[in-house]
Structures are given as C-alpha cells and as structure tokens.
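J.: Dropping in start-v9.tsv, with TSV, N, CA, C and O atoms.
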chain	number	residue	atom	x	y	z
A	1	ARG	N	137.70	-62.64	30.05
A	1	ARG	CA	138.25	-61.30	30.22
A	1	ARG	C	139.62	-61.32	30.86
A	1	ARG	O	140.35	-60.36	30.76
A	2	LEU	N	139.94	-62.41	31.55
A	2	LEU	CA	141.23	-62.50	32.22
A	2	LEU	C	142.33	-63.06	31.31
A	2	LEU	O	143.49	-62.97	31.64
A	3	VAL	N	141.91	-63.63	30.18
A	3	VAL	CA	142.87	-64.24	29.27
A	3	VAL	C	142.73	-63.59	27.90
A	3	VAL	O	141.62	-63.40	27.41
A	4	GLU	N	143.83	-63.24	27.30
A	4	GLU	CA	143.83	-62.67	25.96
A	4	GLU	C	144.48	-63.68	25.02
A	4	GLU	O	145.69	-63.85	25.03
A	5	PRO	N	143.66	-64.39	24.23
A	5	PRO	CA	144.24	-65.38	23.31
A	5	PRO	C	145.13	-64.70	22.28
A	5	PRO	O	144.91	-63.54	21.91
A	6	LYS	N	146.10	-65.43	21.80
A	6	LYS	CA	146.93	-64.93	20.71
A	6	LYS	C	146.05	-64.74	19.48
A	6	LYS	O	145.05	-65.46	19.31
A	7	PRO	N	146.39	-63.80	18.61
A	7	PRO	CA	145.55	-63.54	17.43
A	7	PRO	C	145.32	-64.76	16.54
A	7	PRO	O	144.27	-64.87	15.91
A	8	GLU	N	146.25	-65.68	16.51
A	8	GLU	CA	146.10	-66.86	15.65
A	8	GLU	C	145.17	-67.92	16.24
A	8	GLU	O	144.78	-68.88	15.57
A	9	ALA	N	144.77	-67.77	17.50
A	9	ALA	CA	143.86	-68.73	18.13
A	9	ALA	C	142.46	-68.52	17.57
A	9	ALA	O	141.85	-67.47	17.78
A	10	ARG	N	141.94	-69.52	16.86
A	10	ARG	CA	140.61	-69.41	16.25
A	10	ARG	C	139.67	-70.53	16.68
A	10	ARG	O	138.48	-70.46	16.42
A	11	TYR	N	140.20	-71.55	17.34
A	11	TYR	CA	139.39	-72.70	17.76
A	11	TYR	C	139.75	-73.08	19.18
A	11	TYR	O	140.85	-72.79	19.66
A	12	VAL	N	138.81	-73.76	19.83
A	12	VAL	CA	139.05	-74.28	21.18
A	12	VAL	C	138.73	-75.77	21.18
A	12	VAL	O	137.73	-76.20	20.60
A	13	MET	N	139.60	-76.55	21.80
A	13	MET	CA	139.32	-77.96	22.06
A	13	MET	C	139.07	-78.08	23.55
A	13	MET	O	139.93	-77.73	24.36
A	14	PHE	N	137.88	-78.53	23.91
A	14	PHE	CA	137.58	-78.81	25.31
A	14	PHE	C	138.03	-80.23	25.61
A	14	PHE	O	137.71	-81.15	24.86
A	15	HIS	N	138.77	-80.39	26.70
A	15	HIS	CA	139.20	-81.70	27.18
A	15	HIS	C	138.42	-81.99	28.45
A	15	HIS	O	138.45	-81.20	29.39
A	16	ALA	N	137.72	-83.11	28.45
A	16	ALA	CA	136.85	-83.43	29.57
A	16	ALA	C	137.20	-84.80	30.15
A	16	ALA	O	138.08	-85.50	29.65
A	17	GLU	N	136.46	-85.16	31.18
A	17	GLU	CA	136.66	-86.43	31.89
A	17	GLU	C	136.68	-87.61	30.91
A	17	GLU	O	135.96	-87.64	29.93
A	18	GLY	N	137.55	-88.57	31.18
A	18	GLY	CA	137.60	-89.80	30.40
A	18	GLY	C	138.19	-89.65	29.01
A	18	GLY	O	137.96	-90.49	28.16
A	19	GLY	N	138.90	-88.55	28.75
A	19	GLY	CA	139.50	-88.35	27.44
A	19	GLY	C	138.55	-87.79	26.40
A	19	GLY	O	138.90	-87.66	25.24
A	20	TRP	N	137.34	-87.42	26.81
A	20	TRP	CA	136.36	-86.88	25.88
A	20	TRP	C	136.77	-85.48	25.46
A	20	TRP	O	137.26	-84.69	26.28
A	21	THR	N	136.59	-85.14	24.18
A	21	THR	CA	136.95	-83.83	23.65
A	21	THR	C	135.86	-83.34	22.69
A	21	THR	O	135.11	-84.14	22.13
A	22	THR	N	135.80	-82.04	22.51
A	22	THR	CA	134.99	-81.45	21.45
A	22	THR	C	135.60	-80.13	21.03
A	22	THR	O	136.20	-79.43	21.84
A	23	ASN	N	135.46	-79.85	19.74
A	23	ASN	CA	136.01	-78.63	19.15
A	23	ASN	C	134.91	-77.61	18.91
A	23	ASN	O	133.79	-77.96	18.54
A	24	VAL	N	135.23	-76.33	19.11
A	24	VAL	CA	134.29	-75.24	18.88
A	24	VAL	C	135.10	-74.03	18.41
A	24	VAL	O	136.14	-73.72	19.00
A	25	PRO	N	134.64	-73.33	17.37
A	25	PRO	CA	135.31	-72.09	16.99
A	25	PRO	C	135.28	-71.09	18.15
A	25	PRO	O	134.25	-70.93	18.83
A	26	LEU	N	136.37	-70.42	18.37
A	26	LEU	CA	136.47	-69.44	19.45
A	26	LEU	C	135.40	-68.36	19.31
A	26	LEU	O	134.79	-67.95	20.31
A	27	ALA	N	135.11	-67.91	18.10
A	27	ALA	CA	134.10	-66.88	17.89
A	27	ALA	C	132.74	-67.32	18.43
A	27	ALA	O	131.98	-66.49	18.96
A	28	ASP	N	132.42	-68.60	18.33
A	28	ASP	CA	131.14	-69.09	18.85
A	28	ASP	C	131.10	-69.04	20.37
A	28	ASP	O	130.03	-68.83	20.95
A	29	LEU	N	132.22	-69.22	21.02
A	29	LEU	CA	132.25	-69.21	22.49
A	29	LEU	C	132.17	-67.80	23.06
A	29	LEU	O	131.89	-67.62	24.24
A	30	LEU	N	132.40	-66.81	22.23
A	30	LEU	CA	132.35	-65.42	22.69
A	30	LEU	C	130.96	-64.80	22.58
A	30	LEU	O	130.77	-63.65	22.95
A	31	ARG	N	130.00	-65.57	22.11
A	31	ARG	CA	128.62	-65.08	22.00
A	31	ARG	C	128.02	-64.88	23.40
A	31	ARG	O	128.38	-65.57	24.36
A	32	ASP	N	127.07	-63.97	23.49
A	32	ASP	CA	126.42	-63.65	24.78
A	32	ASP	C	125.60	-64.80	25.35
A	32	ASP	O	125.35	-64.83	26.55
A	33	ASP	N	125.14	-65.73	24.51
A	33	ASP	CA	124.28	-66.80	25.02
A	33	ASP	C	125.04	-68.06	25.44
A	33	ASP	O	124.44	-69.04	25.87
A	34	VAL	N	126.35	-68.05	25.33
A	34	VAL	CA	127.18	-69.21	25.72
A	34	VAL	C	127.55	-69.10	27.19
A	34	VAL	O	127.91	-68.02	27.68
A	35	LEU	N	127.45	-70.23	27.90
A	35	LEU	CA	127.77	-70.24	29.33
A	35	LEU	C	128.97	-71.13	29.63
A	35	LEU	O	129.12	-72.20	29.05
A	36	PHE	N	129.78	-70.69	30.57
A	36	PHE	CA	130.83	-71.49	31.19
A	36	PHE	C	130.41	-71.56	32.66
A	36	PHE	O	130.51	-70.58	33.38
A	37	ALA	N	129.90	-72.69	33.08
A	37	ALA	CA	129.31	-72.79	34.42
A	37	ALA	C	130.13	-73.69	35.33
A	37	ALA	O	130.54	-74.78	34.93
A	38	TRP	N	130.36	-73.25	36.54
A	38	TRP	CA	130.98	-74.07	37.57
A	38	TRP	C	130.15	-74.03	38.85
A	38	TRP	O	130.35	-74.81	39.75
A	39	ARG	N	129.15	-73.10	38.86
A	39	ARG	CA	128.26	-72.97	40.01
A	39	ARG	C	126.84	-72.81	39.50
A	39	ARG	O	126.61	-72.35	38.39
A	40	TRP	N	125.87	-73.21	40.34
A	40	TRP	CA	124.46	-73.02	40.04
A	40	TRP	C	123.74	-72.79	41.35
A	40	TRP	O	123.94	-73.54	42.31
A	41	ASN	N	122.95	-71.73	41.40
A	41	ASN	CA	122.21	-71.39	42.62
A	41	ASN	C	123.13	-71.22	43.82
A	41	ASN	O	122.82	-71.65	44.93
A	42	GLY	N	124.31	-70.65	43.59
A	42	GLY	CA	125.25	-70.39	44.67
A	42	GLY	C	126.05	-71.58	45.14
A	42	GLY	O	126.84	-71.48	46.08
A	43	GLN	N	125.89	-72.73	44.49
A	43	GLN	CA	126.60	-73.95	44.88
A	43	GLN	C	127.47	-74.44	43.72
A	43	GLN	O	127.10	-74.26	42.56
A	44	ASP	N	128.59	-75.07	44.05
A	44	ASP	CA	129.38	-75.70	42.99
A	44	ASP	C	128.54	-76.75	42.28
A	44	ASP	O	127.69	-77.39	42.91
A	45	LEU	N	128.77	-76.91	40.99
A	45	LEU	CA	128.08	-77.98	40.27
A	45	LEU	C	128.41	-79.32	40.91
A	45	LEU	O	129.52	-79.53	41.40
A	46	THR	N	127.48	-80.23	40.87
A	46	THR	CA	127.75	-81.59	41.32
A	46	THR	C	128.37	-82.36	40.15
A	46	THR	O	128.22	-81.96	39.00
A	47	PRO	N	129.07	-83.47	40.42
A	47	PRO	CA	129.59	-84.28	39.32
A	47	PRO	C	128.51	-84.70	38.33
A	47	PRO	O	128.74	-84.71	37.12
A	48	GLU	N	127.32	-84.99	38.82
A	48	GLU	CA	126.22	-85.38	37.94
A	48	GLU	C	125.88	-84.30	36.92
A	48	GLU	O	125.48	-84.58	35.80
A	49	HIS	N	126.07	-83.04	37.30
A	49	HIS	CA	125.73	-81.92	36.43
A	49	HIS	C	126.92	-81.29	35.75
A	49	HIS	O	126.79	-80.23	35.14
A	50	GLY	N	128.10	-81.93	35.82
A	50	GLY	CA	129.22	-81.47	35.02
A	50	GLY	C	130.41	-80.90	35.74
A	50	GLY	O	131.30	-80.34	35.11
A	51	TRP	N	130.44	-80.98	37.08
A	51	TRP	CA	131.59	-80.45	37.82
A	51	TRP	C	132.89	-81.02	37.26
A	51	TRP	O	132.90	-82.18	36.88
A	52	PRO	N	133.96	-80.28	37.13
A	52	PRO	CA	134.22	-78.96	37.71
A	52	PRO	C	133.71	-77.80	36.85
A	52	PRO	O	133.50	-76.70	37.34
A	53	MET	N	133.51	-78.00	35.55
A	53	MET	CA	132.95	-76.95	34.71
A	53	MET	C	132.20	-77.60	33.55
A	53	MET	O	132.60	-78.66	33.07
A	54	ARG	N	131.15	-76.94	33.13
A	54	ARG	CA	130.45	-77.38	31.92
A	54	ARG	C	130.22	-76.17	31.04
A	54	ARG	O	130.17	-75.04	31.53
A	55	THR	N	130.12	-76.43	29.77
A	55	THR	CA	129.80	-75.36	28.83
A	55	THR	C	128.40	-75.61	28.27
A	55	THR	O	127.95	-76.75	28.19
A	56	VAL	N	127.74	-74.53	27.92
A	56	VAL	CA	126.46	-74.61	27.24
A	56	VAL	C	126.57	-73.71	26.01
A	56	VAL	O	126.76	-72.50	26.14
A	57	VAL	N	126.49	-74.36	24.84
A	57	VAL	CA	126.60	-73.66	23.56
A	57	VAL	C	125.26	-73.88	22.85
A	57	VAL	O	125.12	-74.78	22.04
A	58	PRO	N	124.24	-73.06	23.19
A	58	PRO	CA	122.87	-73.37	22.77
A	58	PRO	C	122.62	-73.32	21.27
A	58	PRO	O	121.68	-73.95	20.79
A	59	HIS	N	123.44	-72.62	20.52
A	59	HIS	CA	123.19	-72.51	19.08
A	59	HIS	C	123.80	-73.65	18.27
A	59	HIS	O	123.64	-73.70	17.06
A	60	LEU	N	124.50	-74.57	18.94
A	60	LEU	CA	125.06	-75.75	18.27
A	60	LEU	C	124.45	-77.01	18.88
A	60	LEU	O	123.88	-76.97	19.96
A	61	TYR	N	124.59	-78.12	18.16
A	61	TYR	CA	124.08	-79.38	18.71
A	61	TYR	C	124.70	-79.65	20.07
A	61	TYR	O	125.82	-79.23	20.37
A	62	PHE	N	123.99	-80.39	20.90
A	62	PHE	CA	124.36	-80.51	22.31
A	62	PHE	C	125.71	-81.19	22.56
A	62	PHE	O	126.31	-80.97	23.60
A	63	TRP	N	126.23	-81.99	21.63
A	63	TRP	CA	127.54	-82.60	21.91
A	63	TRP	C	128.65	-81.56	21.97
A	63	TRP	O	129.73	-81.83	22.46
A	64	LYS	N	128.37	-80.34	21.54
A	64	LYS	CA	129.33	-79.24	21.65
A	64	LYS	C	129.31	-78.61	23.04
A	64	LYS	O	130.19	-77.82	23.37
A	65	SER	N	128.30	-78.92	23.84
A	65	SER	CA	128.20	-78.40	25.21
A	65	SER	C	128.81	-79.44	26.15
A	65	SER	O	128.17	-80.43	26.49
A	66	ALA	N	130.04	-79.22	26.53
A	66	ALA	CA	130.82	-80.23	27.27
A	66	ALA	C	130.54	-80.19	28.77
A	66	ALA	O	130.39	-79.12	29.36
A	67	LYS	N	130.48	-81.37	29.36
A	67	LYS	CA	130.42	-81.52	30.82
A	67	LYS	C	131.78	-82.03	31.30
A	67	LYS	O	132.53	-82.61	30.53
A	68	TRP	N	132.06	-81.84	32.56
A	68	TRP	CA	133.28	-82.34	33.22
A	68	TRP	C	134.56	-81.81	32.57
A	68	TRP	O	135.56	-82.51	32.44
A	69	VAL	N	134.52	-80.54	32.15
A	69	VAL	CA	135.66	-79.94	31.45
A	69	VAL	C	136.85	-79.83	32.40
A	69	VAL	O	136.74	-79.33	33.52
A	70	ARG	N	137.98	-80.31	31.93
A	70	ARG	CA	139.24	-80.26	32.69
A	70	ARG	C	140.22	-79.24	32.11
A	70	ARG	O	141.08	-78.75	32.81
A	71	ALA	N	140.11	-78.96	30.79
A	71	ALA	CA	141.04	-78.04	30.15
A	71	ALA	C	140.44	-77.50	28.86
A	71	ALA	O	139.58	-78.14	28.25
A	72	MET	N	140.92	-76.33	28.47
A	72	MET	CA	140.58	-75.73	27.20
A	72	MET	C	141.88	-75.47	26.45
A	72	MET	O	142.78	-74.83	27.00
A	73	GLU	N	141.96	-75.96	25.24
A	73	GLU	CA	143.15	-75.78	24.42
A	73	GLU	C	142.82	-74.82	23.27
A	73	GLU	O	141.93	-75.10	22.47
A	74	LEU	N	143.51	-73.70	23.20
A	74	LEU	CA	143.33	-72.76	22.10
A	74	LEU	C	144.18	-73.23	20.92
A	74	LEU	O	145.34	-73.59	21.08
A	75	MET	N	143.56	-73.23	19.72
A	75	MET	CA	144.23	-73.79	18.54
A	75	MET	C	144.11	-72.83	17.36
A	75	MET	O	143.11	-72.12	17.22
A	76	GLU	N	145.10	-72.87	16.50
A	76	GLU	CA	145.07	-72.09	15.27
A	76	GLU	C	144.21	-72.75	14.21
A	76	GLU	O	143.47	-72.10	13.48
A	77	GLU	N	144.29	-74.07	14.11
A	77	GLU	CA	143.54	-74.85	13.12
A	77	GLU	C	142.50	-75.72	13.83
A	77	GLU	O	142.74	-76.20	14.94
A	78	ASP	N	141.39	-75.96	13.15
A	78	ASP	CA	140.35	-76.82	13.70
A	78	ASP	C	140.81	-78.28	13.69
A	78	ASP	O	141.48	-78.72	12.76
A	79	GLN	N	140.47	-78.99	14.73
A	79	GLN	CA	140.77	-80.42	14.84
A	79	GLN	C	139.52	-81.13	15.35
A	79	GLN	O	138.78	-80.57	16.16
A	80	PRO	N	139.29	-82.35	14.90
A	80	PRO	CA	138.09	-83.06	15.37
A	80	PRO	C	138.22	-83.52	16.82
A	80	PRO	O	139.28	-83.96	17.25
A	81	GLY	N	137.11	-83.42	17.54
A	81	GLY	CA	137.03	-83.97	18.88
A	81	GLY	C	136.52	-85.40	18.82
A	81	GLY	O	136.48	-86.03	17.75
A	82	PHE	N	136.09	-85.95	19.95
A	82	PHE	CA	135.64	-87.33	20.03
A	82	PHE	C	134.52	-87.65	19.04
A	82	PHE	O	134.61	-88.57	18.25
A	83	TRP	N	133.42	-86.90	19.11
A	83	TRP	CA	132.27	-87.19	18.24
A	83	TRP	C	132.57	-86.89	16.78
A	83	TRP	O	132.09	-87.57	15.88
A	84	GLU	N	133.37	-85.87	16.55
A	84	GLU	CA	133.71	-85.50	15.18
A	84	GLU	C	134.58	-86.59	14.53
A	84	GLU	O	134.44	-86.86	13.34
A	85	ARG	N	135.43	-87.23	15.30
A	85	ARG	CA	136.23	-88.35	14.78
A	85	ARG	C	135.37	-89.59	14.55
A	85	ARG	O	135.79	-90.52	13.87
A	86	ASN	N	134.16	-89.59	15.10
A	86	ASN	CA	133.28	-90.75	15.00
A	86	ASN	C	132.03	-90.46	14.15
A	86	ASN	O	130.97	-91.02	14.39
A	87	GLY	N	132.17	-89.59	13.17
A	87	GLY	CA	131.13	-89.40	12.18
A	87	GLY	C	130.24	-88.19	12.32
A	87	GLY	O	129.38	-87.95	11.47
A	88	TYR	N	130.42	-87.40	13.38
A	88	TYR	CA	129.58	-86.22	13.55
A	88	TYR	C	130.21	-85.00	12.87
A	88	TYR	O	131.42	-84.95	12.67
A	89	HIS	N	129.39	-84.03	12.55
A	89	HIS	CA	129.80	-82.84	11.82
A	89	HIS	C	130.81	-82.02	12.64
A	89	HIS	O	130.69	-81.93	13.86
A	90	MET	N	131.75	-81.39	11.97
A	90	MET	CA	132.77	-80.59	12.66
A	90	MET	C	132.18	-79.35	13.34
A	90	MET	O	132.71	-78.89	14.33
A	91	TYR	N	131.07	-78.81	12.81
A	91	TYR	CA	130.50	-77.60	13.39
A	91	TYR	C	129.21	-77.88	14.15
A	91	TYR	O	129.11	-77.56	15.33
A	92	GLY	N	128.22	-78.45	13.52
A	92	GLY	CA	127.01	-78.88	14.24
A	92	GLY	C	125.94	-77.83	14.41
A	92	GLY	O	125.39	-77.68	15.50
A	93	ASP	N	125.61	-77.11	13.34
A	93	ASP	CA	124.53	-76.12	13.39
A	93	ASP	C	123.19	-76.84	13.20
A	93	ASP	O	122.90	-77.36	12.12
A	94	PRO	N	122.34	-76.89	14.23
A	94	PRO	CA	121.07	-77.61	14.10
A	94	PRO	C	120.13	-76.98	13.08
A	94	PRO	O	119.30	-77.67	12.49
A	95	TRP	N	120.24	-75.68	12.85
A	95	TRP	CA	119.36	-75.00	11.89
A	95	TRP	C	119.72	-75.37	10.46
A	95	TRP	O	118.91	-75.17	9.55
A	96	LYS	N	120.92	-75.93	10.26
A	96	LYS	CA	121.34	-76.38	8.94
A	96	LYS	C	121.39	-77.90	8.88
A	96	LYS	O	121.93	-78.46	7.94
A	97	SER	N	120.87	-78.56	9.91
A	97	SER	CA	120.88	-80.02	10.02
A	97	SER	C	122.30	-80.59	9.87
A	97	SER	O	122.49	-81.63	9.23
A	98	GLN	N	123.27	-79.95	10.47
A	98	GLN	CA	124.66	-80.40	10.42
A	98	GLN	C	124.95	-81.36	11.56
A	98	GLN	O	125.75	-81.08	12.44
A	99	ARG	N	124.32	-82.51	11.51
A	99	ARG	CA	124.54	-83.47	12.59
A	99	ARG	C	125.67	-84.44	12.25
A	99	ARG	O	126.53	-84.70	13.07
A	100	TYR	N	125.63	-85.00	11.07
A	100	TYR	CA	126.63	-85.99	10.67
A	100	TYR	C	127.61	-85.39	9.68
A	100	TYR	O	127.30	-84.40	9.00
A	101	ALA	N	128.79	-85.97	9.59
A	101	ALA	CA	129.86	-85.42	8.75
A	101	ALA	C	129.44	-85.22	7.31
A	101	ALA	O	129.91	-84.31	6.64
A	102	ASP	N	128.55	-86.05	6.79
A	102	ASP	CA	128.15	-85.92	5.38
A	102	ASP	C	126.93	-85.03	5.19
A	102	ASP	O	126.41	-84.92	4.10
A	103	ASP	N	126.47	-84.33	6.27
A	103	ASP	CA	125.33	-83.41	6.14
A	103	ASP	C	125.77	-82.10	5.53
A	103	ASP	O	126.83	-81.62	5.72
What would the structure in this file look like if it were written as structure tokens?
T.:
Amino acid sequence: RLVEPKPEARYVMFHAEGGWTTNVPLADLLRDDVLFAWRWNGQDLTPEHGWPMRTVVPHLYFWKSAKWVRAMELMEEDQPGFWERNGYHMYGDPWKSQRYADD
C-alpha cells in the first residue's frame, strides 16, 4: 500500500541471501493469501525462519516462497530465478503439476 508500482511492472524478482532469486508475477503477490512476513508472534523472525523477510505464496510450489529476502525487483518482463535457470518451471502451479520446465 505504500508503494505504487509503475503500470508496466508485471513481475517481481526476489533477491535473497547468497544470491538466491525467484520470480513471481506481481498479480500473484497481490492475492489475499500471500504473506510478506518479518515478524511472528510479536517477535522478529529468526535467521532460521527467514529473517529479515520471507514470503509465503501458498498457491505456487514452495520454491516461490522465498526466505532471507533482501530486495524485491519490479520487472516488466519475466526472468528466470535460481531454480528456474536450473530446470524448474517458470510459474510453478502445483495443481497443474508445473514443477519442471518441460511440464
């Protein structure tokens, strides 16, 4: 609510600890069931649980739910993240069995 993406922004690349990345369509992140968490039970997340921020995108395969998020990059075009460059599906809908790039 504090940030208004430019109209051409349609995808987000999460940048996390150790150079890990994952891509998610912006529309998917705006769903009511998606979480951006930095606290739990009134306490900051611990590093073990994803501090400084973790995302939970329950309708996609779990590699789309990033831990240790350091930055979010808004993008006009989709780009593969770490797992997507290594054979995993660009979107990852478990209900369509979109786990691997050739699914």
J.: Tell me which protein, DNA and RNA residues are within 6 Å of stretch 55-65 of chain A, counting only N, CA, C and O atoms, leaving out same-chain ones fewer than 5 positions away, and put them as a ChimeraX atom specification.
T.: /A:21-23,33-37,91-95
J.: So that I can see what lies close to A:Pro80, please list as a list in words the residues with an atom at most 12 Å from it, counting only C-alpha atoms and leaving out residues fewer than 6 positions away in the same chain.
T.: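 In the requested form, the answer reads Tyr11, Val12, Met13, Phe14, His15, Trp20, Thr21, Thr22, Asn23, Val24, Pro25, Lys64, Asn86, Gly87, Tyr88, His89, Met90, Tyr91, Gly92 and Ala101 of chain A.
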J.: Let's see if you can do this: from backbone DSSP, list all alpha helix (DSSP H) residues in chain A, as a list in words.
T.: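 Taking chain A and keeping alpha helix (DSSP H) only, one gets Leu26, Ala27, Asp28, Leu29, Phe82, Trp83, Glu84 and Arg85 of chain A.
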J.: For A:Gly19, work out the shell of residues within 10 Å, counting only C-alpha atoms and skipping chain neighbours fewer than 6 positions away, then give it as JSON, numbers by chain.
T.: {"A": [70, 81, 82]}
J.: Using all atoms listed in the file, pick whichever of A:Ala66, A:Arg31, A:Leu74, A:Pro47 has the shortest atom-to-atom distance to A:Pro5.
T.: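 Counting all atoms listed in the file, the residue closest to A:Pro5 is A:Leu74.
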J.: Give the answer as one residue: which of A:Ala9, A:Tyr100, A:Met53, A:Val3 has the shortest atom-to-atom distance to A:Glu77, using all atoms listed in the file?
T.: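 Of A:Ala9, A:Tyr100, A:Met53, A:Val3, the one nearest A:Glu77 is A:Ala9, counting all atoms listed in the file.
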J.: Within 12 Å of A:Trp40, counting only C-alpha atoms, which residues qualify if same-chain residues fewer than 4 places away don't, as a list of chain:residue names?
T.: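 Here the answer would be A:Leu35, A:Phe36, A:Asp44, A:Leu45, A:Thr46, A:His49, A:Gly50, A:Trp51, A:Pro52, A:Met53, A:Arg54.
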J.: Please extract the residues of chain A with a backbone DSSP assignment of strand (DSSP E or B) and present them as number ranges by chain.
T.: A: 11-16, 21-25, 35-37, 39-40, 43-44, 54-56, 69-75, 88, 100
J.: Would you mind reading off the distance between atom N of A:Glu4 and atom C of A:Glu76, one decimal, in Å?
T.: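 These atoms are spaced 16.2 Å apart.
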J.: Taking into account only C-alpha atoms, which residue in the set A:Asp102, A:Gly42, A:Arg10, A:Arg85 is nearest to A:Asp28?
T.: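 Smallest distance to A:Asp28 is found for A:Arg10.
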J.: Can you tell me how far atom CA of A:Met75 sits from atom CA of A:Asp32, in Å to one decimal?
T.: 21.4 Å
J.: Atom CA of A:Glu48 to atom N of A:Trp68: how many Å, to one decimal?
T.: 8.7 Å
J.: When you count only C-alpha atoms, which of these residues is closest to A:Glu8: A:Lys96, A:Asp78, A:Met72, A:Leu29?
T.: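 Checking each candidate against A:Glu8, we get A:Asp78 as the closest.
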